[in-house]
$ cat my_file.json   # JSON, C-alpha atoms and all ligand atoms
[["chain", "number", "residue", "atom", "x", "y", "z"],
["A", 1, "MET", "CA", 83.82, 106.40, 144.72],
["A", 2, "ASP", "CA", 86.04, 104.92, 147.44],
["A", 3, "GLN", "CA", 89.45, 106.63, 147.33],
["A", 4, "ARG", "CA", 91.41, 103.39, 146.98],
["A", 5, "ILE", "CA", 89.30, 102.15, 144.11],
["A", 6, "CYS", "CA", 89.63, 105.55, 142.54],
["A", 7, "ARG", "CA", 93.44, 105.39, 142.75],
["A", 8, "ILE", "CA", 93.52, 101.87, 141.30],
["A", 9, "PHE", "CA", 91.26, 103.02, 138.49],
["A", 10, "SER", "CA", 93.47, 105.97, 137.52],
["A", 11, "PHE", "CA", 96.56, 103.75, 137.74],
["A", 12, "VAL", "CA", 95.00, 101.22, 135.33],
["A", 13, "SER", "CA", 93.90, 103.91, 132.89],
["A", 14, "ALA", "CA", 97.38, 105.49, 132.99],
["A", 15, "ILE", "CA", 98.89, 102.12, 131.99],
["A", 16, "ALA", "CA", 96.33, 101.76, 129.20],
["A", 17, "LEU", "CA", 97.11, 105.26, 127.96],
["A", 18, "ALA", "CA", 100.87, 104.64, 128.04],
["A", 19, "ALA", "CA", 100.37, 101.41, 126.12],
["A", 20, "THR", "CA", 98.35, 103.14, 123.41],
["A", 21, "VAL", "CA", 100.78, 106.03, 123.10],
["A", 22, "GLY", "CA", 103.70, 103.60, 123.15],
["A", 23, "ILE", "CA", 102.29, 101.54, 120.28],
["A", 24, "SER", "CA", 101.39, 104.48, 118.11],
["A", 25, "SER", "CA", 104.69, 106.33, 118.54],
["A", 26, "GLU", "CA", 106.56, 103.11, 117.80],
["A", 27, "ALA", "CA", 104.50, 102.56, 114.65],
["A", 28, "LEU", "CA", 105.09, 106.15, 113.64],
["A", 29, "ALA", "CA", 108.84, 105.86, 114.16],
["A", 30, "SER", "CA", 109.05, 102.70, 112.03],
["A", 31, "SER", "CA", 106.93, 103.94, 109.13],
["A", 32, "PRO", "CA", 108.91, 105.40, 106.22],
["A", 33, "PRO", "CA", 108.71, 109.18, 105.66],
["A", 34, "GLY", "CA", 106.63, 108.79, 102.48],
["A", 35, "MET", "CA", 103.85, 106.89, 104.26],
["A", 36, "ALA", "CA", 102.16, 110.10, 105.42],
["A", 37, "LEU", "CA", 102.14, 111.32, 101.81],
["A", 38, "LEU", "CA", 100.54, 108.06, 100.63],
["A", 39, "LYS", "CA", 97.87, 108.30, 103.31],
["A", 40, "GLN", "CA", 97.08, 111.92, 102.53],
["A", 41, "ARG", "CA", 97.18, 111.97, 98.74],
["A", 42, "CYS", "CA", 96.69, 108.40, 97.56],
["A", 43, "ALA", "CA", 94.51, 106.48, 100.02],
["A", 44, "SER", "CA", 91.26, 107.99, 98.70],
["A", 45, "CYS", "CA", 91.66, 105.87, 95.54],
["A", 46, "HIS", "CA", 94.17, 103.14, 96.51],
["A", 47, "ASP", "CA", 93.92, 100.49, 99.21],
["A", 48, "LEU", "CA", 97.18, 100.60, 101.18],
["A", 49, "THR", "CA", 96.26, 98.01, 103.79],
["A", 50, "GLY", "CA", 94.17, 95.26, 102.13],
["A", 51, "PRO", "CA", 92.55, 92.83, 101.87],
["A", 52, "ALA", "CA", 91.42, 92.93, 98.20],
["A", 53, "PRO", "CA", 87.68, 93.19, 97.41],
["A", 54, "THR", "CA", 85.71, 90.04, 98.14],
["A", 55, "THR", "CA", 82.58, 90.93, 96.17],
["A", 56, "LEU", "CA", 82.11, 91.91, 92.52],
["A", 57, "HIS", "CA", 80.34, 95.05, 93.65],
["A", 58, "ALA", "CA", 83.39, 96.16, 95.66],
["A", 59, "LEU", "CA", 85.71, 95.19, 92.79],
["A", 60, "TRP", "CA", 83.79, 97.29, 90.28],
["A", 61, "ALA", "CA", 83.63, 100.24, 92.69],
["A", 62, "ARG", "CA", 87.40, 100.27, 93.20],
["A", 63, "LYS", "CA", 88.80, 103.69, 92.25],
["A", 64, "GLY", "CA", 92.40, 102.59, 91.68],
["A", 65, "PRO", "CA", 94.49, 99.40, 91.74],
["A", 66, "ASP", "CA", 95.31, 97.93, 95.16],
["A", 67, "LEU", "CA", 98.72, 99.03, 96.41],
["A", 68, "PHE", "CA", 98.96, 97.06, 99.66],
["A", 69, "TYR", "CA", 101.36, 94.58, 98.03],
["A", 70, "ALA", "CA", 103.22, 97.20, 95.96],
["A", 71, "GLY", "CA", 106.61, 96.13, 97.31],
["A", 72, "ASN", "CA", 106.10, 92.65, 95.87],
["A", 73, "LYS", "CA", 104.67, 93.91, 92.59],
["A", 74, "PHE", "CA", 106.64, 96.86, 91.25],
["A", 75, "GLN", "CA", 110.18, 97.71, 90.30],
["A", 76, "ARG", "CA", 111.27, 100.75, 92.30],
["A", 77, "LYS", "CA", 112.93, 102.47, 89.36],
["A", 78, "TRP", "CA", 109.76, 102.23, 87.27],
["A", 79, "LEU", "CA", 107.66, 103.59, 90.16],
["A", 80, "ILE", "CA", 109.84, 106.68, 90.56],
["A", 81, "GLU", "CA", 109.62, 107.45, 86.84],
["A", 82, "TRP", "CA", 105.94, 106.68, 86.43],
["A", 83, "LEU", "CA", 104.84, 108.72, 89.44],
["A", 84, "GLN", "CA", 106.41, 111.78, 87.78],
["A", 85, "HIS", "CA", 105.14, 110.97, 84.28],
["A", 86, "PRO", "CA", 102.11, 108.70, 84.65],
["A", 87, "ILE", "CA", 101.21, 107.10, 81.33],
["A", 88, "ARG", "CA", 98.00, 105.10, 81.12],
["A", 89, "ILE", "CA", 98.41, 101.39, 81.93],
["A", 90, "ARG", "CA", 94.79, 100.25, 81.75],
["A", 91, "PRO", "CA", 93.62, 101.51, 78.36],
["A", 92, "ALA", "CA", 90.00, 101.71, 79.52],
["A", 93, "GLY", "CA", 90.60, 102.81, 83.10],
["A", 94, "GLU", "CA", 90.33, 101.02, 86.42],
["A", 95, "PHE", "CA", 87.00, 99.40, 85.55],
["A", 96, "TYR", "CA", 86.83, 99.04, 81.77],
["A", 97, "ALA", "CA", 83.04, 98.74, 81.53],
["A", 98, "ASP", "CA", 82.70, 102.31, 82.81],
["A", 99, "HIS", "CA", 84.71, 103.68, 79.87],
["A", 100, "ILE", "CA", 83.81, 101.48, 76.90],
["A", 101, "THR", "CA", 81.10, 101.96, 74.31],
["A", 102, "PRO", "CA", 80.35, 98.71, 72.50],
["A", 103, "GLY", "CA", 81.01, 99.11, 68.74],
["A", 104, "SER", "CA", 79.58, 97.04, 65.90],
["A", 105, "LYS", "CA", 82.95, 95.38, 65.17],
["A", 106, "ARG", "CA", 84.84, 96.02, 68.39],
["A", 107, "ASP", "CA", 84.55, 97.95, 71.63],
["A", 108, "ARG", "CA", 85.74, 101.54, 71.74],
["A", 109, "ILE", "CA", 87.09, 103.56, 74.62],
["A", 110, "ASP", "CA", 85.33, 106.81, 75.41],
["A", 111, "PRO", "CA", 88.39, 108.94, 76.31],
["A", 112, "SER", "CA", 86.29, 111.84, 77.58],
["A", 113, "THR", "CA", 85.39, 109.73, 80.63],
["A", 114, "LEU", "CA", 89.03, 108.97, 81.54],
["A", 115, "LYS", "CA", 91.02, 111.21, 83.86],
["A", 116, "ASP", "CA", 94.80, 111.66, 83.88],
["A", 117, "HIS", "CA", 96.67, 110.38, 86.94],
["A", 118, "MET", "CA", 98.20, 113.00, 89.25],
["A", 119, "ALA", "CA", 101.93, 113.56, 88.79],
["A", 120, "LEU", "CA", 104.40, 114.01, 91.65],
["A", 121, "ASP", "CA", 107.61, 116.03, 91.65],
["A", 122, "ALA", "CA", 110.91, 114.12, 91.79],
["A", 123, "ALA", "CA", 111.33, 114.34, 95.56],
["A", 124, "ASP", "CA", 107.77, 113.22, 96.36],
["A", 125, "ALA", "CA", 107.96, 110.45, 93.73],
["A", 126, "GLN", "CA", 110.98, 109.02, 95.47],
["A", 127, "LEU", "CA", 109.37, 109.30, 98.91],
["A", 128, "ALA", "CA", 106.18, 107.65, 97.66],
["A", 129, "ALA", "CA", 108.08, 104.89, 95.84],
["A", 130, "ASP", "CA", 110.16, 104.09, 98.90],
["A", 131, "ALA", "CA", 107.06, 103.93, 101.08],
["A", 132, "LEU", "CA", 105.26, 101.74, 98.49],
["A", 133, "MET", "CA", 108.21, 99.35, 98.37],
["A", 134, "THR", "CA", 107.72, 98.62, 102.11],
["A", 135, "LEU", "CA", 104.19, 97.24, 101.51],
["A", 136, "HIS", "CA", 104.80, 93.52, 101.42],
["A", 137, "SER", "CA", 101.55, 91.56, 101.69],
["A", 138, "HIS", "CA", 101.62, 88.09, 100.09],
["A", 139, "ASP", "CA", 105.33, 87.37, 100.67],
["A", 140, "ASP", "CA", 104.17, 83.74, 100.91],
["A", 141, "LEU", "CA", 103.00, 83.71, 97.27],
["A", 142, "ILE", "CA", 106.23, 85.30, 96.04],
["A", 143, "ALA", "CA", 108.34, 82.79, 97.99],
["A", 144, "LYS", "CA", 106.79, 79.98, 95.95],
["A", 145, "GLU", "CA", 108.09, 81.34, 92.63],
["A", 146, "SER", "CA", 111.45, 81.25, 90.97],
["A", 147, "VAL", "CA", 112.07, 82.61, 87.50],
["A", 148, "PRO", "CA", 115.46, 81.72, 86.07],
["A", 149, "ASN", "CA", 116.88, 84.16, 83.53],
["A", 150, "GLY", "CA", 116.18, 83.04, 80.01],
["A", 151, "THR", "CA", 114.79, 83.95, 76.63],
["A", 152, "ILE", "CA", 112.05, 82.81, 74.31],
["A", 153, "SER", "CA", 111.87, 83.43, 70.57],
["A", 154, "PRO", "CA", 109.47, 86.31, 69.85],
["A", 155, "THR", "CA", 107.53, 84.15, 67.39],
["A", 156, "MET", "CA", 107.07, 81.35, 69.88],
["A", 157, "GLY", "CA", 106.17, 83.83, 72.64],
["A", 158, "ALA", "CA", 103.58, 85.55, 70.51],
["A", 159, "LEU", "CA", 102.09, 82.21, 69.46],
["A", 160, "VAL", "CA", 101.68, 81.06, 73.06],
["A", 161, "PHE", "CA", 100.47, 84.41, 74.44],
["A", 162, "ASP", "CA", 98.23, 85.51, 71.58],
["A", 163, "LYS", "CA", 96.99, 82.27, 70.03],
["A", 164, "PHE", "CA", 97.24, 79.27, 72.38],
["A", 165, "LEU", "CA", 96.27, 80.99, 75.59],
["A", 166, "GLY", "CA", 94.26, 83.98, 74.40],
["A", 167, "CYS", "CA", 95.95, 86.42, 76.77],
["A", 168, "MET", "CA", 95.74, 89.13, 74.12],
["A", 169, "ALA", "CA", 91.96, 89.20, 74.35],
["A", 170, "CYS", "CA", 92.38, 91.32, 77.47],
["A", 171, "HIS", "CA", 95.95, 92.65, 77.30],
["A", 172, "ARG", "CA", 97.71, 94.91, 74.84],
["A", 173, "VAL", "CA", 101.08, 93.68, 73.59],
["A", 174, "LYS", "CA", 101.76, 96.94, 71.71],
["A", 175, "PRO", "CA", 100.18, 100.38, 72.00],
["A", 176, "ASP", "CA", 96.85, 100.06, 70.17],
["A", 177, "PHE", "CA", 97.09, 96.30, 69.72],
["A", 178, "GLY", "CA", 95.28, 93.88, 72.02],
["A", 179, "GLY", "CA", 92.42, 93.78, 74.50],
["A", 180, "LEU", "CA", 91.12, 96.56, 76.71],
["A", 181, "SER", "CA", 89.92, 94.96, 79.93],
["A", 182, "GLY", "CA", 93.36, 94.30, 81.47],
["A", 183, "PRO", "CA", 96.54, 96.35, 81.99],
["A", 184, "GLU", "CA", 98.84, 96.74, 78.96],
["A", 185, "LEU", "CA", 101.71, 94.28, 79.13],
["A", 186, "TYR", "CA", 104.27, 95.81, 76.77],
["A", 187, "THR", "CA", 105.88, 97.63, 79.71],
["A", 188, "ALA", "CA", 105.32, 94.81, 82.21],
["A", 189, "GLY", "CA", 108.97, 93.68, 82.13],
["A", 190, "LYS", "CA", 110.08, 97.08, 83.40],
["A", 191, "ARG", "CA", 107.06, 97.72, 85.61],
["A", 192, "LEU", "CA", 106.60, 94.42, 87.42],
["A", 193, "ARG", "CA", 108.85, 92.04, 89.31],
["A", 194, "ALA", "CA", 109.45, 88.70, 87.61],
["A", 195, "ARG", "CA", 108.18, 86.60, 90.49],
["A", 196, "PHE", "CA", 105.05, 88.72, 90.80],
["A", 197, "MET", "CA", 104.24, 88.12, 87.13],
["A", 198, "ALA", "CA", 104.76, 84.38, 87.58],
["A", 199, "SER", "CA", 102.60, 84.25, 90.68],
["A", 200, "TYR", "CA", 99.82, 86.38, 89.18],
["A", 201, "ILE", "CA", 99.71, 84.25, 86.01],
["A", 202, "ARG", "CA", 99.66, 81.08, 88.15],
["A", 203, "SER", "CA", 96.69, 82.27, 90.18],
["A", 204, "PRO", "CA", 95.22, 85.74, 89.64],
["A", 205, "GLN", "CA", 92.63, 85.05, 92.34],
["A", 206, "ALA", "CA", 95.30, 84.41, 94.97],
["A", 207, "TRP", "CA", 96.09, 88.15, 94.63],
["A", 208, "ASP", "CA", 92.64, 89.49, 93.83],
["A", 209, "PRO", "CA", 89.85, 86.99, 94.62],
["A", 210, "LYS", "CA", 87.19, 88.47, 92.30],
["A", 211, "ILE", "CA", 89.33, 89.51, 89.31],
["A", 212, "TRP", "CA", 88.11, 88.40, 85.87],
["A", 213, "MET", "CA", 91.46, 87.10, 84.58],
["A", 214, "PRO", "CA", 91.02, 83.31, 84.29],
["A", 215, "ASN", "CA", 93.27, 80.81, 86.06],
["A", 216, "LYS", "CA", 94.50, 78.65, 83.17],
["A", 217, "HIS", "CA", 96.24, 76.11, 85.45],
["A", 218, "LEU", "CA", 99.49, 76.45, 83.55],
["A", 219, "SER", "CA", 102.63, 74.39, 84.13],
["A", 220, "ASN", "CA", 105.74, 75.97, 85.66],
["A", 221, "ALA", "CA", 107.55, 75.77, 82.34],
["A", 222, "ARG", "CA", 104.70, 77.60, 80.58],
["A", 223, "ILE", "CA", 104.57, 80.32, 83.24],
["A", 224, "VAL", "CA", 108.32, 80.94, 82.99],
["A", 225, "GLN", "CA", 107.99, 81.12, 79.17],
["A", 226, "LEU", "CA", 105.29, 83.76, 79.51],
["A", 227, "VAL", "CA", 107.37, 85.84, 81.92],
["A", 228, "HIS", "CA", 110.32, 85.69, 79.50],
["A", 229, "TYR", "CA", 108.03, 86.78, 76.69],
["A", 230, "LEU", "CA", 106.74, 89.76, 78.71],
["A", 231, "GLN", "CA", 110.29, 90.74, 79.66],
["A", 232, "ALA", "CA", 111.30, 90.58, 76.00],
["A", 233, "LEU", "CA", 108.31, 92.72, 74.96],
["A", 234, "SER", "CA", 109.57, 95.63, 77.06],
["A", 235, "GLU", "CA", 113.21, 94.63, 76.98],
["A", 236, "GLY", "CA", 112.85, 94.56, 80.73],
["A", 237, "GLU", "CA", 115.51, 92.93, 82.83],
["A", 238, "SER", "CA", 114.84, 90.75, 85.81],
["A", 239, "ASN", "CA", 115.84, 92.64, 88.93],
["A", 240, "GLU", "CA", 115.56, 89.72, 91.29],
["B", 301, "LIG", "C1", 91.65, 110.02, 91.93],
["B", 301, "LIG", "C2", 92.09, 108.69, 92.24],
["B", 301, "LIG", "C3", 93.58, 108.44, 92.41],
["B", 301, "LIG", "C4", 94.46, 109.07, 93.26],
["B", 301, "LIG", "C5", 94.17, 110.19, 94.24],
["B", 301, "LIG", "C6", 95.74, 108.41, 93.07],
["B", 301, "LIG", "N1", 95.63, 107.41, 92.14],
["B", 301, "LIG", "FE1", 97.10, 106.14, 91.57],
["B", 301, "LIG", "N2", 95.84, 105.29, 90.22],
["B", 301, "LIG", "C7", 94.52, 105.64, 90.02],
["B", 301, "LIG", "C8", 94.01, 104.89, 88.89],
["B", 301, "LIG", "C9", 92.61, 104.96, 88.33],
["B", 301, "LIG", "C10", 95.08, 104.11, 88.41],
["B", 301, "LIG", "C11", 95.10, 103.19, 87.19],
["B", 301, "LIG", "C12", 95.79, 103.96, 86.09],
["B", 301, "LIG", "C13", 96.05, 103.19, 84.83],
["B", 301, "LIG", "O1", 95.85, 101.98, 84.80],
["B", 301, "LIG", "O2", 96.50, 103.81, 83.86],
["B", 301, "LIG", "C14", 96.21, 104.37, 89.27],
["B", 301, "LIG", "C15", 97.44, 103.75, 89.15],
["B", 301, "LIG", "C16", 98.49, 103.89, 90.04],
["B", 301, "LIG", "C17", 99.68, 103.09, 90.03],
["B", 301, "LIG", "C18", 99.96, 101.91, 89.10],
["B", 301, "LIG", "C19", 99.25, 100.72, 89.75],
["B", 301, "LIG", "C20", 99.15, 99.47, 88.95],
["B", 301, "LIG", "O3", 98.81, 98.45, 89.57],
["B", 301, "LIG", "O4", 99.32, 99.48, 87.74],
["B", 301, "LIG", "C21", 100.47, 103.54, 91.05],
["B", 301, "LIG", "C22", 101.81, 103.01, 91.46],
["B", 301, "LIG", "C23", 99.76, 104.65, 91.67],
["B", 301, "LIG", "N3", 98.56, 104.82, 91.03],
["B", 301, "LIG", "C24", 100.24, 105.38, 92.73],
["B", 301, "LIG", "C25", 99.58, 106.47, 93.27],
["B", 301, "LIG", "C26", 100.16, 107.32, 94.30],
["B", 301, "LIG", "C27", 101.53, 107.12, 94.93],
["B", 301, "LIG", "C28", 99.21, 108.27, 94.58],
["B", 301, "LIG", "C29", 99.32, 109.40, 95.56],
["B", 301, "LIG", "C30", 100.47, 110.27, 95.44],
["B", 301, "LIG", "C31", 98.06, 108.01, 93.74],
["B", 301, "LIG", "N4", 98.34, 106.93, 92.95],
["B", 301, "LIG", "C32", 96.89, 108.75, 93.76],
["B", 301, "LIG", "C33", 93.80, 106.54, 90.77],
["B", 301, "LIG", "C34", 94.33, 107.40, 91.71],
["B", 302, "LIG", "C1", 89.51, 87.90, 80.59],
["B", 302, "LIG", "C2", 90.60, 88.84, 80.55],
["B", 302, "LIG", "C3", 92.01, 88.36, 80.79],
["B", 302, "LIG", "C4", 92.70, 87.33, 80.18],
["B", 302, "LIG", "C5", 92.19, 86.35, 79.14],
["B", 302, "LIG", "C6", 94.04, 87.37, 80.72],
["B", 302, "LIG", "N1", 94.17, 88.39, 81.63],
["B", 302, "LIG", "FE1", 95.87, 88.91, 82.62],
["B", 302, "LIG", "N2", 94.83, 90.30, 83.67],
["B", 302, "LIG", "C7", 93.50, 90.61, 83.48],
["B", 302, "LIG", "C8", 93.12, 91.57, 84.49],
["B", 302, "LIG", "C9", 91.72, 92.17, 84.63],
["B", 302, "LIG", "C10", 94.26, 91.81, 85.29],
["B", 302, "LIG", "C11", 94.45, 92.67, 86.53],
["B", 302, "LIG", "C12", 93.91, 94.02, 86.40],
["B", 302, "LIG", "C13", 94.37, 95.04, 87.39],
["B", 302, "LIG", "O1", 95.22, 94.80, 88.24],
["B", 302, "LIG", "O2", 93.82, 96.11, 87.26],
["B", 302, "LIG", "C14", 95.32, 91.01, 84.72],
["B", 302, "LIG", "C15", 96.63, 91.03, 85.19],
["B", 302, "LIG", "C16", 97.68, 90.37, 84.60],
["B", 302, "LIG", "C17", 99.07, 90.50, 84.99],
["B", 302, "LIG", "C18", 99.57, 91.45, 86.06],
["B", 302, "LIG", "C19", 99.69, 92.79, 85.36],
["B", 302, "LIG", "C20", 99.57, 94.00, 86.20],
["B", 302, "LIG", "O3", 99.90, 95.08, 85.72],
["B", 302, "LIG", "O4", 99.10, 93.90, 87.33],
["B", 302, "LIG", "C21", 99.80, 89.69, 84.16],
["B", 302, "LIG", "C22", 101.31, 89.52, 84.17],
["B", 302, "LIG", "C23", 98.86, 89.02, 83.28],
["B", 302, "LIG", "N3", 97.58, 89.47, 83.57],
["B", 302, "LIG", "C24", 99.21, 88.10, 82.32],
["B", 302, "LIG", "C25", 98.27, 87.36, 81.59],
["B", 302, "LIG", "C26", 98.62, 86.22, 80.77],
["B", 302, "LIG", "C27", 100.02, 85.67, 80.57],
["B", 302, "LIG", "C28", 97.45, 85.75, 80.25],
["B", 302, "LIG", "C29", 97.26, 84.52, 79.39],
["B", 302, "LIG", "C30", 97.63, 83.26, 80.01],
["B", 302, "LIG", "C31", 96.37, 86.62, 80.72],
["B", 302, "LIG", "N4", 96.91, 87.58, 81.54],
["B", 302, "LIG", "C32", 95.05, 86.49, 80.37],
["B", 302, "LIG", "C33", 92.66, 90.12, 82.50],
["B", 302, "LIG", "C34", 92.96, 89.02, 81.69]]
$ encode --input "my_file.json" --output "C-alpha cells" --more "lines below"
Ligand code: HEC
Ligand code: HEC
Amino acid sequence: MDQRICRIFSFVSAIALAATVGISSEALASSPPGMALLKQRCASCHDLTGPAPTTLHALWARKGPDLFYAGNKFQRKWLIEWLQHPIRIRPAGEFYADHITPGSKRDRIDPSTLKDHMALDAADAQLAADALMTLHSHDDLIAKESVPNGTISPTMGALVFDKFLGCMACHRVKPDFGGLSGPELYTAGKRLRARFMASYIRSPQAWDPKIWMPNKHLSNARIVQLVHYLQALSEGESNE
C-alpha cells in the first residue's frame, strides 16, 4: 500500500476507535451501579431494553415480565422489599397455561411446576431497584394520565371491578379469590404507580401489544374509579 494512503487509513481507524471507546465509556459512566447486576443476574429472564413481544409465540415464551419500563411501573419502596422477599404475583406463573390443569369445575394450578423467584440481600435489592427505576420507556403514555387522589366505596368498587367489567375473571382481589391468568391486584396499590395502572387499564396493548387483557375502552372517570379501588384494596397510597 502507498505510504500516504496507509497513514490516512490508520488515522481514520484511530478516529473510529476513539469514537467507539468514547461512546462506551460515556455510557458506562452514566449507567447506575446496579445496572451491571441486572445484566448479569436478571437479563436471562427479563427484557431490560424492549420492545415487548410482537408475536404470540414470543409472548408465551417469555420467561419473566418485561422490566424495560420498570421506572414507570413500580414503586421503589415495594421493589426493594419484594426483591428481598419475593412473594408470587402471578398465581399461575409467567405464562398461566404452562402451570394450570383444567378441572371439572375450575382450573387448578399445578404448584410443582412453579419455581420460587431468587431473593437478593438488602444491599443488592437497593442497587437493583435504583437501576430499575432508571428504565423509563413509554414516558409518553404516562404523561397522558392524571389520577387525582380520591376514594370509592368498597361496595361500588367491587361491583364495577367484579361484576360490570369482569376484571376478576383474570385477577385476584384477595389471596385465593379471583382469576389466575393475570397478576394479583390486591397489592397493586403498593406495587404499581397510579398513572401506570390508569394507562395500562386504558390500553394494555399500548404497553404489551400481544397481551390477552382486553381493552374495554373505558371513560376517564371509570379508569380513575378503578385505580382508586385498587389503591383501597391494598391500602396503597399514591406516590405521584
Ligand atoms: C429464572 C428467571 C428469572 C430470573 C433470573 C429473575 N427473574 Fe424476576 N421474575 C421472573 C418471573 C417468572 C417473575 C414473575 C413472578 C410472579 O409473577 O410471581 C418475575 C418477576 C419479577 C418482578 C416483578 C415484575 C412484575 O411485573 O410483576 C421483578 C421486579 C423482578 N422479577 C426482578 C428481578 C431482578 C431484579 C432479577 C435479578 C436480580 C430477576 N428478577 C431475576 C423470573 C426471573
Ligand atoms: C382476560 C384476562 C384479563 C381481564 C378480563 C383483565 N385483565 Fe388486567 N391483566 C391481564 C394480564 C394478562 C395482565 C398483564 C400480565 C403481566 O404483566 O404479566 C394484566 C394487567 C393488569 C394491570 C397491571 C398489573 C401488573 O401487575 O402489571 C392492571 C392494573 C389490570 N390488569 C387491571 C385490570 C382491570 C381494571 C380489568 C377490568 C377492567 C382487567 N385488568 C381485566 C389480564 C386480564
$ atom_distance --input "my_file.json" --atom1 "atom C19 of ligand LIG 302 (chain B)" --atom2 "atom CA of Lys39 of chain A"
23.8 Å
$ residues_around --input "my_file.json" --residues "segment 199-204 of chain A" --least-positions-apart "2" --cutoff "8 Å" --atoms "all atoms listed in the file" --output "number ranges by chain"
A: 141-142, 144-145, 195-197, 206-209, 211, 213-218, 223
$ closest_residue --input "my_file.json" --among "A:Ile109, A:His99, A:Leu38, A:Gln231" --to "Arg191 of chain A" --atoms "all atoms listed in the file"
A:Gln231
$ residues_around --input "my_file.json" --residues "segment 63-71 of chain A" --least-positions-apart "3" --cutoff "6 Å" --atoms "only C-alpha atoms" --output "PyMOL selection string"
chain A and resi 45-50+74+94+132-137
$ atom_distance --input "my_file.json" --atom1 "atom FE1 of ligand LIG 301 (chain B)" --atom2 "atom CA of Ile89 of chain A"
10.8 Å
$ closest_residue --input "my_file.json" --among "A:Val224, A:Ala129, A:Val160, A:Ala36" --to "ligand LIG 301 (chain B)" --atoms "all atoms listed in the file"
A:Ala129
$ residues_around --input "my_file.json" --residues "Glu81 of chain A" --least-positions-apart "6" --cutoff "9 Å" --atoms "all atoms listed in the file" --output "PyMOL selection string"
chain A and resi 122+125-126
$ residues_around --input "my_file.json" --residues "Gln75 of chain A" --least-positions-apart "2" --cutoff "8 Å" --atoms "all atoms listed in the file" --output "PDB file with C-alpha atoms, in the coordinates of the input"
ATOM      1  CA  LYS A  73     104.670  93.910  92.590  1.00  0.00           C
ATOM      2  CA  LYS A  77     112.930 102.470  89.360  1.00  0.00           C
ATOM      3  CA  TRP A  78     109.760 102.230  87.270  1.00  0.00           C
ATOM      4  CA  LEU A  79     107.660 103.590  90.160  1.00  0.00           C
ATOM      5  CA  LYS A 190     110.080  97.080  83.400  1.00  0.00           C
ATOM      6  CA  ARG A 191     107.060  97.720  85.610  1.00  0.00           C
ATOM      7  CA  LEU A 192     106.600  94.420  87.420  1.00  0.00           C
ATOM      8  CA  ARG A 193     108.850  92.040  89.310  1.00  0.00           C
ATOM      9  CA  ASN A 239     115.840  92.640  88.930  1.00  0.00           C
TER      10      ASN A 239
END
$ closest_residue --input "my_file.json" --among "A:Cys42, A:Leu56, A:Leu230, A:Cys170" --to "Ala131 of chain A" --atoms "only C-alpha atoms"
A:Cys42
